[in-house]
file input-v4.csv (CSV, C-alpha atoms and all ligand atoms)
chain,number,residue,atom,x,y,z
A,1,MET,CA,51.5,-8.0,-26.0
A,2,ASN,CA,53.2,-9.7,-28.9
A,3,ALA,CA,54.6,-13.1,-28.4
A,4,ASN,CA,58.1,-11.8,-29.2
A,5,PRO,CA,58.6,-8.3,-27.8
A,6,ARG,CA,61.6,-6.1,-28.1
A,7,LEU,CA,63.4,-4.5,-25.2
A,8,HIS,CA,64.0,-0.8,-25.4
A,9,ILE,CA,66.5,0.8,-23.1
A,10,LYS,CA,65.5,4.4,-23.8
A,11,GLN,CA,67.8,7.3,-23.1
A,12,LEU,CA,69.1,5.7,-19.9
A,13,THR,CA,71.7,7.5,-17.8
A,14,ILE,CA,72.8,6.2,-14.4
A,15,SER,CA,74.8,8.4,-12.1
A,16,LEU,CA,76.5,8.0,-8.8
A,17,GLU,CA,77.0,11.1,-6.6
A,18,SER,CA,76.2,13.3,-9.7
A,19,GLU,CA,78.9,11.6,-11.8
A,20,MET,CA,77.5,9.9,-14.8
A,21,LEU,CA,78.4,6.2,-14.8
A,22,LEU,CA,76.8,5.1,-18.0
A,23,ALA,CA,74.5,6.2,-20.8
A,24,ILE,CA,72.7,3.8,-23.1
A,25,ASP,CA,70.0,4.1,-25.8
A,26,ARG,CA,69.4,0.8,-27.4
A,27,VAL,CA,66.7,-1.5,-28.8
A,28,ILE,CA,67.2,-5.2,-28.4
A,29,PRO,CA,65.0,-7.0,-31.0
A,30,PRO,CA,63.4,-10.3,-30.2
A,31,GLY,CA,65.9,-13.1,-30.4
A,32,ASP,CA,68.9,-10.8,-30.4
A,33,VAL,CA,71.7,-10.5,-27.8
A,34,LEU,CA,73.2,-7.2,-26.8
A,35,THR,CA,76.6,-7.8,-25.1
A,36,VAL,CA,77.9,-5.3,-22.5
A,37,MET,CA,81.6,-5.4,-21.7
A,38,GLY,CA,83.8,-3.1,-19.7
A,39,PRO,CA,86.4,-3.1,-16.9
A,40,SER,CA,85.6,-3.7,-13.3
A,41,GLY,CA,83.7,-0.8,-11.8
A,42,SER,CA,82.4,0.4,-15.2
A,43,GLY,CA,78.7,-0.2,-14.3
A,44,LYS,CA,77.9,-3.7,-15.7
A,45,SER,CA,76.3,-4.9,-12.5
A,46,THR,CA,74.6,-1.6,-12.0
A,47,LEU,CA,73.0,-1.8,-15.5
A,48,LEU,CA,71.7,-5.3,-14.7
A,49,ALA,CA,70.3,-4.2,-11.4
A,50,TYR,CA,68.5,-1.3,-13.1
A,51,LEU,CA,67.0,-3.6,-15.8
A,52,ALA,CA,66.0,-6.3,-13.3
A,53,GLY,CA,64.4,-3.8,-10.9
A,54,PHE,CA,66.7,-3.8,-7.9
A,55,LEU,CA,69.0,-0.8,-8.4
A,56,SER,CA,70.4,0.6,-5.2
A,57,PRO,CA,68.9,4.0,-4.2
A,58,ALA,CA,72.6,5.2,-4.1
A,59,PHE,CA,72.2,5.6,-8.0
A,60,THR,CA,70.1,8.1,-10.0
A,61,ALA,CA,68.6,6.6,-13.1
A,62,LEU,CA,67.0,8.7,-15.8
A,63,GLY,CA,65.3,7.3,-18.9
A,64,GLN,CA,62.8,4.5,-19.4
A,65,LEU,CA,62.7,0.8,-20.1
A,66,TYR,CA,60.1,-0.6,-22.4
A,67,LEU,CA,59.0,-4.1,-23.5
A,68,ASP,CA,57.3,-3.2,-26.8
A,69,GLU,CA,54.9,-0.4,-25.6
A,70,GLN,CA,54.8,-1.6,-22.0
A,71,ARG,CA,56.8,0.5,-19.6
A,72,LEU,CA,58.8,-1.7,-17.3
A,73,ASP,CA,61.0,0.6,-15.2
A,74,THR,CA,58.0,1.7,-13.1
A,75,LEU,CA,57.1,-1.9,-12.2
A,76,PRO,CA,58.6,-3.9,-9.3
A,77,ALA,CA,61.1,-6.6,-10.2
A,78,GLU,CA,58.7,-9.5,-10.0
A,79,LYS,CA,56.2,-7.9,-12.4
A,80,ARG,CA,58.8,-7.2,-15.2
A,81,GLY,CA,58.9,-10.7,-16.7
A,82,ILE,CA,62.6,-10.5,-16.9
A,83,GLY,CA,64.5,-13.8,-16.4
A,84,LEU,CA,68.1,-13.9,-15.0
A,85,LEU,CA,70.9,-16.4,-15.5
A,86,PHE,CA,73.9,-16.0,-13.2
A,87,GLN,CA,77.5,-17.3,-13.0
A,88,ASP,CA,76.2,-19.9,-10.5
A,89,PRO,CA,73.2,-21.8,-11.8
A,90,LEU,CA,71.6,-21.6,-8.3
A,91,LEU,CA,69.6,-24.8,-8.5
A,92,PHE,CA,67.6,-25.7,-5.4
A,93,PRO,CA,69.6,-28.4,-3.7
A,94,HIS,CA,66.6,-30.0,-1.9
A,95,LEU,CA,64.7,-30.5,-5.2
A,96,SER,CA,65.4,-33.0,-8.0
A,97,VAL,CA,66.2,-31.8,-11.5
A,98,GLY,CA,62.6,-32.3,-12.4
A,99,GLY,CA,61.5,-30.4,-9.2
A,100,ASN,CA,63.8,-27.5,-10.2
A,101,LEU,CA,62.2,-27.4,-13.6
A,102,ARG,CA,58.7,-27.7,-12.2
A,103,PHE,CA,59.5,-24.6,-10.1
A,104,GLY,CA,59.9,-22.6,-13.3
A,105,LEU,CA,56.5,-23.5,-14.6
A,106,PRO,CA,53.6,-21.3,-13.9
A,107,ARG,CA,51.4,-23.0,-11.3
A,108,GLN,CA,48.4,-23.3,-13.6
A,109,SER,CA,50.3,-24.9,-16.6
A,110,ASN,CA,48.9,-28.1,-18.1
A,111,ASP,CA,50.9,-31.1,-18.8
A,112,LYS,CA,53.8,-30.2,-16.5
A,113,HIS,CA,55.4,-33.7,-16.8
A,114,ARG,CA,55.6,-33.5,-20.6
A,115,GLN,CA,56.9,-29.9,-20.6
A,116,ILE,CA,59.7,-30.9,-18.2
A,117,SER,CA,60.7,-34.0,-20.2
A,118,HIS,CA,60.6,-32.0,-23.4
A,119,ALA,CA,62.8,-29.3,-21.9
A,120,LEU,CA,65.4,-31.8,-20.7
A,121,GLU,CA,65.4,-33.5,-24.2
A,122,GLN,CA,66.1,-30.1,-25.8
A,123,VAL,CA,69.3,-29.7,-23.9
A,124,GLY,CA,70.5,-33.3,-24.1
A,125,LEU,CA,69.4,-34.3,-20.6
A,126,ALA,CA,66.6,-36.7,-21.4
A,127,GLY,CA,65.7,-38.9,-18.4
A,128,PHE,CA,67.4,-36.6,-15.9
A,129,GLU,CA,64.1,-35.8,-14.0
A,130,LYS,CA,65.0,-37.7,-10.8
A,131,ARG,CA,68.6,-36.7,-10.6
A,132,ASP,CA,70.0,-34.8,-7.6
A,133,PRO,CA,71.4,-31.5,-8.8
A,134,ALA,CA,74.5,-32.1,-6.7
A,135,THR,CA,75.4,-35.0,-9.0
A,136,LEU,CA,75.4,-32.8,-12.2
A,137,SER,CA,78.5,-31.3,-13.9
A,138,GLY,CA,78.7,-27.5,-14.2
A,139,GLY,CA,77.5,-27.6,-17.8
A,140,GLN,CA,74.6,-29.8,-17.0
A,141,LYS,CA,73.6,-27.5,-14.1
A,142,ALA,CA,73.8,-24.5,-16.5
A,143,ARG,CA,71.5,-26.3,-18.9
A,144,VAL,CA,68.9,-27.1,-16.2
A,145,ALA,CA,69.0,-23.5,-15.0
A,146,LEU,CA,68.5,-22.3,-18.6
A,147,MET,CA,65.5,-24.5,-19.1
A,148,ARG,CA,64.0,-23.6,-15.7
A,149,LEU,CA,64.3,-20.0,-16.9
A,150,LEU,CA,62.7,-20.7,-20.3
A,151,LEU,CA,59.8,-22.7,-18.7
A,152,SER,CA,58.9,-19.6,-16.7
A,153,LYS,CA,58.2,-17.9,-20.0
A,154,PRO,CA,60.1,-14.6,-19.5
A,155,GLN,CA,59.7,-11.7,-21.9
A,156,ALA,CA,63.4,-10.8,-21.8
A,157,VAL,CA,66.6,-12.3,-20.4
A,158,LEU,CA,69.6,-11.0,-18.6
A,159,LEU,CA,72.8,-13.1,-18.5
A,160,ASP,CA,75.4,-12.2,-15.9
A,161,GLU,CA,78.7,-14.0,-16.9
A,162,PRO,CA,76.8,-17.2,-17.3
A,163,PHE,CA,79.8,-19.2,-18.7
A,164,SER,CA,82.7,-18.0,-16.6
A,165,LYS,CA,82.7,-20.9,-14.2
A,166,LEU,CA,82.8,-23.6,-17.0
A,167,ASP,CA,86.0,-25.0,-18.3
A,168,THR,CA,86.9,-24.1,-21.9
A,169,ALA,CA,85.6,-27.1,-23.8
A,170,LEU,CA,82.3,-27.0,-22.0
A,171,ARG,CA,82.0,-23.3,-22.3
A,172,GLN,CA,81.9,-23.4,-26.1
A,173,GLU,CA,79.2,-26.1,-26.1
A,174,THR,CA,77.1,-24.4,-23.4
A,175,ARG,CA,77.4,-21.0,-25.2
A,176,SER,CA,76.0,-22.3,-28.4
A,177,LEU,CA,73.3,-24.2,-26.6
A,178,VAL,CA,72.2,-21.2,-24.5
A,179,PHE,CA,72.3,-18.7,-27.4
A,180,GLY,CA,70.5,-21.2,-29.7
A,181,GLN,CA,67.7,-21.7,-27.2
A,182,LEU,CA,67.3,-18.0,-26.5
A,183,ARG,CA,67.2,-17.2,-30.2
A,184,GLU,CA,64.7,-19.9,-30.8
A,185,ALA,CA,62.5,-18.6,-28.0
A,186,GLY,CA,62.7,-15.1,-29.6
A,187,LEU,CA,63.8,-13.5,-26.4
A,188,PRO,CA,65.6,-10.1,-26.3
A,189,THR,CA,68.7,-10.8,-24.2
A,190,LEU,CA,71.4,-8.6,-22.6
A,191,LEU,CA,74.6,-10.4,-21.8
A,192,VAL,CA,77.3,-9.0,-19.4
A,193,THR,CA,80.7,-10.6,-19.8
A,194,HIS,CA,84.4,-10.1,-19.5
A,195,ASP,CA,85.0,-12.7,-22.2
A,196,ARG,CA,85.3,-11.5,-25.8
A,197,ALA,CA,84.5,-15.1,-27.0
A,198,ASP,CA,81.1,-14.9,-25.3
A,199,ALA,CA,80.4,-11.7,-27.3
A,200,ASP,CA,81.5,-13.4,-30.5
A,201,ALA,CA,79.3,-16.5,-29.8
A,202,ALA,CA,76.3,-14.2,-29.0
A,203,GLY,CA,76.7,-12.7,-32.5
A,204,GLY,CA,75.0,-9.4,-31.7
A,205,PRO,CA,76.2,-5.8,-31.1
A,206,VAL,CA,78.6,-5.0,-28.3
A,207,ILE,CA,78.6,-2.0,-26.0
A,208,GLU,CA,81.8,-1.1,-24.1
A,209,LEU,CA,81.3,0.7,-20.8
A,210,GLY,CA,83.9,2.7,-19.0
B,1,LIG,N1,75.3,0.0,-3.7
B,1,LIG,C1,76.3,0.8,-4.1
B,1,LIG,N2,76.4,2.0,-3.6
B,1,LIG,C2,77.3,2.9,-4.0
B,1,LIG,N3,78.2,2.6,-5.0
B,1,LIG,C3,78.1,1.5,-5.6
B,1,LIG,C4,77.1,0.5,-5.2
B,1,LIG,N4,77.3,-0.6,-6.0
B,1,LIG,C5,78.3,-0.3,-6.9
B,1,LIG,N5,78.8,0.9,-6.7
B,1,LIG,C6,79.9,1.6,-7.4
B,1,LIG,O1,79.3,1.8,-8.7
B,1,LIG,C7,80.3,1.6,-9.7
B,1,LIG,C8,79.9,0.6,-10.7
B,1,LIG,O2,79.9,-0.7,-10.1
B,1,LIG,P1,79.5,-2.0,-10.8
B,1,LIG,O3,79.4,-3.1,-9.7
B,1,LIG,O4,78.2,-1.8,-11.6
B,1,LIG,O5,80.7,-2.3,-11.8
B,1,LIG,P2,81.0,-3.6,-12.7
B,1,LIG,O6,81.3,-3.1,-14.0
B,1,LIG,O7,79.8,-4.6,-12.5
B,1,LIG,O8,82.2,-4.3,-12.0
B,1,LIG,P3,82.8,-5.8,-11.9
B,1,LIG,O9,83.2,-6.2,-13.3
B,1,LIG,O10,83.9,-5.7,-10.9
B,1,LIG,O11,81.6,-6.6,-11.4
B,1,LIG,C9,81.6,1.3,-9.0
B,1,LIG,O12,82.3,2.5,-8.8
B,1,LIG,C10,81.1,0.8,-7.6
B,1,LIG,O13,82.1,1.0,-6.6
call {"tool": "encode", "arguments": {"input": "input-v4.csv", "output": "structure tokens"}}
result
Amino acid sequence: MNANPRLHIKQLTISLESEMLLAIDRVIPPGDVLTVMGPSGSGKSTLLAYLAGFLSPAFTALGQLYLDEQRLDTLPAEKRGIGLLFQDPLLFPHLSVGGNLRFGLPRQSNDKHRQISHALEQVGLAGFEKRDPATLSGGQKARVALMRLLLSKPQAVLLDEPFSKLDTALRQETRSLVFGQLREAGLPTLLVTHDRADADAAGGPVIELG
């Protein structure tokens, strides 16, 4: 597989009780962000669940999902190499910041200590290894969650309203940091949001559902 694959959502339709909820046919090139917006109930969470591999059997999905030439939709969630970032950073409270980042690293990686300190430096948190996540601000937690995700070397990323719990000033800063890191890592990314400013900061195409 290439270092920087593209994500192809190919002729996807998702229906609920024989009513079509959404239809998408898109390629997300490496390092690009596709933003999905739409009112409540339009299918944003359903789309994320399909991509991540945990769509409820209540829905019927037709179409395919590819990472370059590799078919993903036939694989279970844990084999897809798709990383997720949610509204809540979901850091492990019983682990330090460093322990949370270590959790993202593949078990066999070399030089874990250096990778962790480098990751923290990249997001302005140098020296935070020993901190308890409970003592971090919302923006700092979001940055740790992002770096934990990147250390796990995903092939593609899904963002589910990742900035909505941050206050306005912090939101802008966190947005540019997250999108900058994802672009630099060359990851195809799908962002679900209610906030037009998120879409603007993402800088890529926007799909409106519903
Ligand atoms: N497990 C399920 N079984 C049956 N119907 C469901 C299920 N989950 C969601 N739905 C329905 O599917 C439709 C799409 O829901 P979805 O949660 O994807 O919307 P959304 O755009 O994410 O909404 P919100 O912005 O409120 O999170 C809605 O009509 C919802 O009621």
call {"tool": "residues_near_ligand", "arguments": {"input": "input-v4.csv", "ligand": "ligand LIG 1 (chain B)", "cutoff": "6 Å", "atoms": "only C-alpha atoms and all ligand atoms", "output": "PyMOL selection string"}}
result
chain A and resi 39-46+56+58
call {"tool": "atom_distance", "arguments": {"input": "input-v4.csv", "atom1": "CA of Gln155 (chain A)", "atom2": "CA of Gly127 (chain A)"}}
result
28.1 Å
call {"tool": "closest_residue", "arguments": {"input": "input-v4.csv", "among": "A:Asn110, A:Thr74, A:Thr135, A:Ser117", "to": "Leu91 (chain A)", "atoms": "only C-alpha atoms"}}
result
A:Thr135
call {"tool": "residues_around", "arguments": {"input": "input-v4.csv", "residues": "Arg6 (chain A)", "least_positions_apart": "3", "cutoff": "10 Å", "atoms": "all atoms listed in the file", "output": "number ranges by chain"}}
result
A: 2-3, 9, 27-32, 66-69, 155-156, 186-189
call {"tool": "residues_around", "arguments": {"input": "input-v4.csv", "residues": "Pro106 (chain A)", "least_positions_apart": "4", "cutoff": "9 Å", "atoms": "only C-alpha atoms", "output": "MDAnalysis selection string"}}
result
chainID A and resid 102 151:153
call {"tool": "write_last_selection", "arguments": {"input": "input-v4.csv", "atoms": "C-alpha atoms", "output": "short mmCIF file (atom, residue, chain, number, x, y, z; two decimals), in the frame of the given file"}}
result
data_model
loop_
_atom_site.label_atom_id
_atom_site.label_comp_id
_atom_site.auth_asym_id
_atom_site.auth_seq_id
_atom_site.Cartn_x
_atom_site.Cartn_y
_atom_site.Cartn_z
CA ARG A 102 58.70 -27.70 -12.20
CA LEU A 151 59.80 -22.70 -18.70
CA SER A 152 58.90 -19.60 -16.70
CA LYS A 153 58.20 -17.90 -20.00
#
call {"tool": "atom_distance", "arguments": {"input": "input-v4.csv", "atom1": "CA of Leu34 (chain A)", "atom2": "CA of Gly203 (chain A)"}}
result
8.7 Å
call {"tool": "atom_distance", "arguments": {"input": "input-v4.csv", "atom1": "CA of Gln181 (chain A)", "atom2": "CA of Gln64 (chain A)"}}
result
27.8 Å
call {"tool": "residues_around", "arguments": {"input": "input-v4.csv", "residues": "Gly83 (chain A)", "least_positions_apart": "3", "cutoff": "7 Å", "atoms": "all atoms listed in the file", "output": "MDAnalysis selection string"}}
result
chainID A and resid 149 154 156:158
call {"tool": "closest_residue", "arguments": {"input": "input-v4.csv", "among": "A:Ala142, A:Leu105, A:Ala134, A:Ala185", "to": "Leu170 (chain A)", "atoms": "only C-alpha atoms"}}
result
A:Ala142
call {"tool": "residues_around", "arguments": {"input": "input-v4.csv", "residues": "Leu101 (chain A)", "least_positions_apart": "2", "cutoff": "10 Å", "atoms": "all atoms listed in the file", "output": "mmCIF file with C-alpha atoms, keeping the file's coordinate frame"}}
result
data_model
loop_
_atom_site.group_PDB
_atom_site.id
_atom_site.type_symbol
_atom_site.label_atom_id
_atom_site.label_comp_id
_atom_site.auth_asym_id
_atom_site.auth_seq_id
_atom_site.Cartn_x
_atom_site.Cartn_y
_atom_site.Cartn_z
ATOM 1 C CA LEU A 91 69.600 -24.800 -8.500
ATOM 2 C CA PHE A 92 67.600 -25.700 -5.400
ATOM 3 C CA LEU A 95 64.700 -30.500 -5.200
ATOM 4 C CA SER A 96 65.400 -33.000 -8.000
ATOM 5 C CA VAL A 97 66.200 -31.800 -11.500
ATOM 6 C CA GLY A 98 62.600 -32.300 -12.400
ATOM 7 C CA GLY A 99 61.500 -30.400 -9.200
ATOM 8 C CA PHE A 103 59.500 -24.600 -10.100
ATOM 9 C CA GLY A 104 59.900 -22.600 -13.300
ATOM 10 C CA LEU A 105 56.500 -23.500 -14.600
ATOM 11 C CA LYS A 112 53.800 -30.200 -16.500
ATOM 12 C CA HIS A 113 55.400 -33.700 -16.800
ATOM 13 C CA GLN A 115 56.900 -29.900 -20.600
ATOM 14 C CA ILE A 116 59.700 -30.900 -18.200
ATOM 15 C CA SER A 117 60.700 -34.000 -20.200
ATOM 16 C CA ALA A 119 62.800 -29.300 -21.900
ATOM 17 C CA LEU A 120 65.400 -31.800 -20.700
ATOM 18 C CA GLU A 129 64.100 -35.800 -14.000
ATOM 19 C CA VAL A 144 68.900 -27.100 -16.200
ATOM 20 C CA ALA A 145 69.000 -23.500 -15.000
ATOM 21 C CA LEU A 146 68.500 -22.300 -18.600
ATOM 22 C CA MET A 147 65.500 -24.500 -19.100
ATOM 23 C CA ARG A 148 64.000 -23.600 -15.700
ATOM 24 C CA LEU A 149 64.300 -20.000 -16.900
ATOM 25 C CA LEU A 150 62.700 -20.700 -20.300
ATOM 26 C CA LEU A 151 59.800 -22.700 -18.700
ATOM 27 C CA SER A 152 58.900 -19.600 -16.700
#
call {"tool": "closest_residue", "arguments": {"input": "input-v4.csv", "among": "A:Gly180, A:Thr168, A:Arg175, A:Asp73", "to": "Ala201 (chain A)", "atoms": "all atoms listed in the file"}}
result
A:Arg175
call {"tool": "closest_residue", "arguments": {"input": "input-v4.csv", "among": "A:Leu85, A:Lys79, A:Asp167, A:Val33", "to": "Phe179 (chain A)", "atoms": "only C-alpha atoms"}}
result
A:Val33
call {"tool": "residues_around", "arguments": {"input": "input-v4.csv", "residues": "Ala23 (chain A)", "least_positions_apart": "4", "cutoff": "8 Å", "atoms": "all atoms listed in the file", "output": "PyMOL selection string"}}
result
chain A and resi 11-14
call {"tool": "closest_residue", "arguments": {"input": "input-v4.csv", "among": "A:Lys10, A:Ile24, A:Gly139, A:Ser15", "to": "Val206 (chain A)", "atoms": "all atoms listed in the file"}}
result
A:Ile24
call {"tool": "axis_aligned_box", "arguments": {"input": "input-v4.csv", "around": "region 2-6 of chain A", "padding_each_side": "4 Å", "output": "JSON"}}
result
{"center_x": 57.4, "center_y": -9.6, "center_z": -28.5, "size_x": 16.4, "size_y": 15.0, "size_z": 9.4}
call {"tool": "closest_residue", "arguments": {"input": "input-v4.csv", "among": "A:His94, A:Ala199, A:Leu16, A:Glu78", "to": "Pro57 (chain A)", "atoms": "all atoms listed in the file"}}
result
A:Leu16
